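Asks: Here's a structure for you.
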Amino acid sequence: MKNFTSVHDVPQIDALVKKALAYKADRFKDKTLGAGKRIGLLFLNPSMRTRLSTQIAAQNLGMEPIVFNVGQEGWALEFEDEAIMSGSTVEHVKDAAPIMGNYFDILAIRTFPSLKNRDDDYSELYIKQFIKYAGIPVVSLESATLHPLQSLTDIITINESLQANPLPAGKKPKIVLTWAPHVKPLPQCVANSFSQWVNAWGKADFVITHPEDYELDEQFTKGATITHDQNAALKDADFVYVKNWSTFKDYGKIYNNDPEWMLNNKKLELTNNAKVMHCLPVRRNVELSDEILDGPNSIVTQEASNRIWAAQAVLSEILASQK
């Protein structure tokens with residue numbers, strides 16, 4: 001594995017999941033793999049779980065993590081080639097990235113979409129420019145369109161849950177991604193990424209449900225069943241992944257904030273006693289009800305805790321390729 005920016009960088013999802021769960025069982029089993037190596041964690045937008053879990057994962061492998069909050073602690077970066085830098089940007093990525101490539105052995109980057117120009121966001125310019133100019137492996141800690149570490153974590157958590165509570169032989173789990181209300185427009189990153197990974201995994205009956213006009217990019221959802229009927233989607237579900245996203249076609253808008261789309265225990269009765277997932281942070285009693293989050297079906301804490309093992313599995317694959 002040279003970079004980790006999407007599911008397309010992963011040769012075998014199940015093998016990576018197995019490695020992550022092995023690290024969960026014995027976190028220090030490769031504690032010298034990254035000895036003498038540094039990882040730079042660059043944040044162009046805030047983070048809690050992604051930042052902490054990746055730091056811990058790197059340390060478990062013997063690496064030294066260094067965190068740099070680009071917007072608050074460094075110069076404003078320019079990413080467009082041939083830009084005339086007469087505005088607010090101070091340093092070009094083609095000057096900054098090679099230096100970082102000399103400072104670090106792996107570069108991990110978190111960016112965020114503007115939600116203003118779809119073509120710009122979906123070009124993934126920021127992360128592609130770091131890959132182009134840094135000269136070292138790049139790991140996405142979330143980009144404008146995808147959040148692969150979160151999605152790997154989600155597949156790990158689903159596998160872990162199925163190991164603890166097996167389904168009848170030969171039955172695929174039914175996984176439902178459901179849109180939820182929110183107070184402001186949010187990116188499509190997590191929903192895109194979860195769809196991409198579940199479809200690539202290929203071991204589930206996958207359904208996406210959302211109000212009209214909230215269709216995601218087909219490049220990520222192709223292979224899933226898509227419906228605007230949330231109740232029909234939830235019927236007999238084994239896992240329900242709750243997430244808000246803004247509109248894709250008329251980009252970055254909120255058309256619908258219907259509280260009826262919030263998951264609660266009454267809706268959960270339609271499922272096969274489904275486990276409920278969310279990437280966090282979550283707006284309680286807007287996206288998800290207290291009764292779900294604090295109830296026995298919620299596995300959001302388990303899911304978030306598994307972020308360490310997802311990151312550790314990815315970093316170990318990259319480190320192994322550098323030997």
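Each chain in the structure tokens gets a letter, A, B, ..., in the order shown, and its residues are numbered from 1; ligands are numbered from 1 in order too.
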Please provide the set of residues having any atom within 9 Å of Leu61 of chain A, restricted to only C-alpha atoms, with same-chain residues fewer than 4 positions apart removed, written as a list in words.

Replies: Arg27, Phe28, Lys29, Asp30, Lys31, Thr32, Leu33, Gly34, Ala35, Ile56, Ala57, Gln312, Leu315 and Ser316 of chain A

Asks: If we count only C-alpha atoms and set the cut-off at 10 Å, which residues sit around segment 36-48 of chain A, ignoring sequence neighbours fewer than 3 positions away in its own chain? Please answer as a ChimeraX atom specification.

Replies: /A:32-33,51-55,58-59,61-72,76-77,100-101,103-113,126,137-143,280-281,315,319

Asks: Just the residues within 10 Å of segment 160-163 of chain A, please, counting only C-alpha atoms, with nothing from its chain fewer than 6 positions along; format it as a PyMOL selection string.

Replies: chain A and resi 17-18+21+154+173+238-239+275+299+302-303+306

Asks: Taking the DSSP assignment computed from this structure's backbone, write out as a PyMOL selection string all residues of segment 89-187 of chain A that belong to strand (DSSP E or B).

Replies: chain A and resi 91-92+106-110+138-140+174-179

Asks: Store the residues picked out above in a file with C-alpha atoms, as a CSV table (one decimal), in the first residue's frame.

Replies:
```
chain,number,residue,atom,x,y,z
A,91,GLU,CA,3.0,29.5,0.5
A,92,HIS,CA,2.4,27.1,-2.3
A,106,ILE,CA,4.3,9.2,6.1
A,107,LEU,CA,2.1,12.3,5.7
A,108,ALA,CA,-1.5,12.1,6.9
A,109,ILE,CA,-3.8,15.0,5.8
A,110,ARG,CA,-7.3,16.1,6.8
A,138,VAL,CA,-0.1,10.0,2.0
A,139,VAL,CA,-3.0,8.9,4.2
A,140,SER,CA,-6.4,10.6,4.1
A,174,LYS,CA,-28.8,-6.1,5.7
A,175,ILE,CA,-27.1,-2.7,6.1
A,176,VAL,CA,-29.0,0.5,5.8
A,177,LEU,CA,-27.5,4.0,5.4
A,178,THR,CA,-30.1,6.5,6.4
A,179,TRP,CA,-30.1,10.2,6.0
```

Asks: How would you write, as a PyMOL selection string, the set of residues in segment 95-189 of chain A that DSSP gives as helix (DSSP H, G or I)?

Replies: chain A and resi 95-103+118-122+125-134+148-164+189

Asks: Compile the contact shell of segment 242-244 of chain A as a list in words: residues with an atom at most 9 Å away, counting only C-alpha atoms, same-chain residues fewer than 6 positions apart removed.

Replies: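 Once the nearby chain positions are removed, what remains is Val176, Leu177, Thr178, Trp179, Ala180, Pro181, His182, Pro185, Leu186, Pro187, Gln188, Val190, Ala191, Met262, Leu263, Val276, Met277, His278, Cys279, Val282, Glu287 and Leu288 of chain A.
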
Asks: Hey, which of A:Val314, A:Ala233, A:Ile254, A:Ala20 ends up closest to Leu115 of chain A? Count only C-alpha atoms.

Replies: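 Closest residue, counting only C-alpha atoms: A:Ile254.
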
Asks: So which residues touch segment 214-228 of chain A within 9 Å, counting only C-alpha atoms, skipping near sequence neighbours fewer than 5 positions away, as a compact mmCIF listing (two decimals) with N, CA, C and O atoms, in the first residue's frame?

Replies:
```
# COMPACT_ATOMS: atom_id res chain seq x y z
N TRP A 179 -30.24 8.80 5.82
CA TRP A 179 -30.06 10.23 6.02
C TRP A 179 -30.75 10.65 7.32
O TRP A 179 -31.75 10.05 7.73
N GLN A 188 -20.78 15.31 1.95
CA GLN A 188 -21.18 13.94 1.61
C GLN A 188 -20.09 12.93 1.92
O GLN A 188 -20.25 11.73 1.66
N ALA A 191 -20.92 9.60 3.98
CA ALA A 191 -21.92 8.80 3.25
C ALA A 191 -21.33 8.23 1.96
O ALA A 191 -21.54 7.06 1.62
N ASN A 192 -20.60 9.05 1.21
CA ASN A 192 -19.92 8.57 0.01
C ASN A 192 -19.00 7.39 0.32
O ASN A 192 -19.01 6.36 -0.34
N SER A 193 -18.18 7.60 1.34
CA SER A 193 -17.16 6.64 1.68
C SER A 193 -17.75 5.34 2.19
O SER A 193 -17.35 4.24 1.78
N PHE A 194 -18.76 5.44 3.08
CA PHE A 194 -19.40 4.25 3.60
C PHE A 194 -20.03 3.46 2.44
O PHE A 194 -19.88 2.23 2.36
N SER A 195 -20.67 4.14 1.52
CA SER A 195 -21.28 3.48 0.37
C SER A 195 -20.22 2.79 -0.48
O SER A 195 -20.39 1.64 -0.91
N GLN A 196 -19.13 3.49 -0.72
CA GLN A 196 -18.05 2.93 -1.54
C GLN A 196 -17.49 1.65 -0.91
O GLN A 196 -17.28 0.65 -1.60
N TRP A 197 -17.27 1.68 0.40
CA TRP A 197 -16.65 0.54 1.07
C TRP A 197 -17.62 -0.64 1.19
O TRP A 197 -17.22 -1.79 0.97
N VAL A 198 -18.87 -0.39 1.52
CA VAL A 198 -19.83 -1.50 1.63
C VAL A 198 -20.03 -2.16 0.28
O VAL A 198 -20.07 -3.40 0.17
N ASN A 199 -20.13 -1.36 -0.77
CA ASN A 199 -20.28 -1.93 -2.11
C ASN A 199 -19.05 -2.73 -2.52
O ASN A 199 -19.16 -3.81 -3.10
N ASP A 205 -26.45 -6.96 1.96
CA ASP A 205 -27.60 -6.41 1.25
C ASP A 205 -27.65 -4.94 1.66
O ASP A 205 -28.02 -4.61 2.79
N PHE A 206 -27.27 -4.04 0.76
CA PHE A 206 -27.02 -2.65 1.11
C PHE A 206 -28.12 -1.75 0.56
O PHE A 206 -28.41 -1.76 -0.64
N VAL A 207 -28.73 -0.97 1.47
CA VAL A 207 -29.82 -0.07 1.12
C VAL A 207 -29.48 1.34 1.60
O VAL A 207 -29.02 1.52 2.74
N ILE A 208 -29.70 2.33 0.74
CA ILE A 208 -29.53 3.74 1.12
C ILE A 208 -30.90 4.40 1.07
O ILE A 208 -31.63 4.26 0.08
N THR A 209 -31.25 5.12 2.14
CA THR A 209 -32.54 5.81 2.16
C THR A 209 -32.35 7.27 2.54
O THR A 209 -31.57 7.60 3.44
N ALA A 233 -37.00 0.79 4.00
CA ALA A 233 -35.57 0.49 4.05
C ALA A 233 -35.19 -0.18 5.36
O ALA A 233 -34.37 -1.12 5.39
N TRP A 245 -26.23 14.43 5.25
CA TRP A 245 -25.42 15.04 4.20
C TRP A 245 -26.26 16.05 3.45
O TRP A 245 -27.49 15.96 3.42
N SER A 246 -25.60 17.03 2.88
CA SER A 246 -26.29 18.07 2.10
C SER A 246 -26.49 17.58 0.66
O SER A 246 -26.02 16.51 0.28
N THR A 247 -27.17 18.38 -0.13
CA THR A 247 -27.49 17.98 -1.50
C THR A 247 -26.24 17.93 -2.37
O THR A 247 -25.29 18.70 -2.18
N PHE A 248 -26.26 17.01 -3.34
CA PHE A 248 -25.13 16.83 -4.25
C PHE A 248 -25.35 17.56 -5.57
O PHE A 248 -24.47 18.28 -6.04
N LYS A 249 -26.53 17.41 -6.17
CA LYS A 249 -26.75 18.00 -7.50
C LYS A 249 -26.83 19.52 -7.42
O LYS A 249 -26.10 20.23 -8.12
N ILE A 254 -29.53 22.58 2.00
CA ILE A 254 -30.50 21.87 2.82
C ILE A 254 -31.88 22.13 2.23
O ILE A 254 -32.33 23.26 2.18
N TYR A 255 -32.53 21.09 1.74
CA TYR A 255 -33.90 21.20 1.24
C TYR A 255 -34.90 20.68 2.26
O TYR A 255 -36.06 21.06 2.26
N ASN A 256 -34.44 19.75 3.09
CA ASN A 256 -35.35 19.02 3.97
C ASN A 256 -34.70 18.88 5.33
O ASN A 256 -33.55 18.45 5.42
```

Asks: Nearest to Glu269 of chain A among A:Leu234, A:Ala96, A:Ile13, A:Val240, with distances taken over only C-alpha atoms: which residue is it?

Replies: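 Counting only C-alpha atoms, the residue closest to Glu269 of chain A is A:Leu234.
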
Asks: So, with only C-alpha atoms as the atoms that count, which of A:Leu146, A:Leu270, A:Ala97, A:Ile158 lies closest to Val7 of chain A?

Replies: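 Checking each of A:Leu146, A:Leu270, A:Ala97, A:Ile158 against Val7 of chain A, counting only C-alpha atoms, the winner is A:Leu146.
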
Asks: For Arg118 of chain A, which of A:Asp229, A:Asp14, A:Lys253, A:Ser151 is the closest residue, counting only C-alpha atoms?

Replies: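 Checking each of A:Asp229, A:Asp14, A:Lys253, A:Ser151 against Arg118 of chain A, counting only C-alpha atoms, the winner is A:Lys253.
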
Asks: Out of A:Cys189, A:His210, A:Ile131, A:Ile99, which residue has the shortest atom-to-atom distance to Pro148 of chain A when counting only C-alpha atoms?

Replies: A:Cys189

Asks: Identify which of the residues A:Leu268, A:Ala237, A:Ala311, A:Val93 lies closest to Leu152 of chain A, counting only C-alpha atoms when measuring atom-to-atom distances.

Replies: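 Between A:Leu268, A:Ala237, A:Ala311, A:Val93, the residue approaching Leu152 of chain A most closely is A:Ala311.
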
Asks: Quote the spacing between atom CA of Ser123 of chain A and atom CA of Ala144 of chain A in Å to one decimal place.

Replies: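 Calculated distance between atom CA of Ser123 of chain A and atom CA of Ala144 of chain A is 8.5 Å.
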
Asks: Just the number, please: distance in Å from atom CA of Glu124 of chain A to atom CA of Gly252 of chain A, one decimal.

Replies: 16.0 Å

Asks: For atom CA of Met1 of chain A and atom CA of Ile318 of chain A, quote the distance in Å rounded to one decimal.

Replies: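 Going from atom CA of Met1 of chain A over to atom CA of Ile318 of chain A, I get 5.3 Å.
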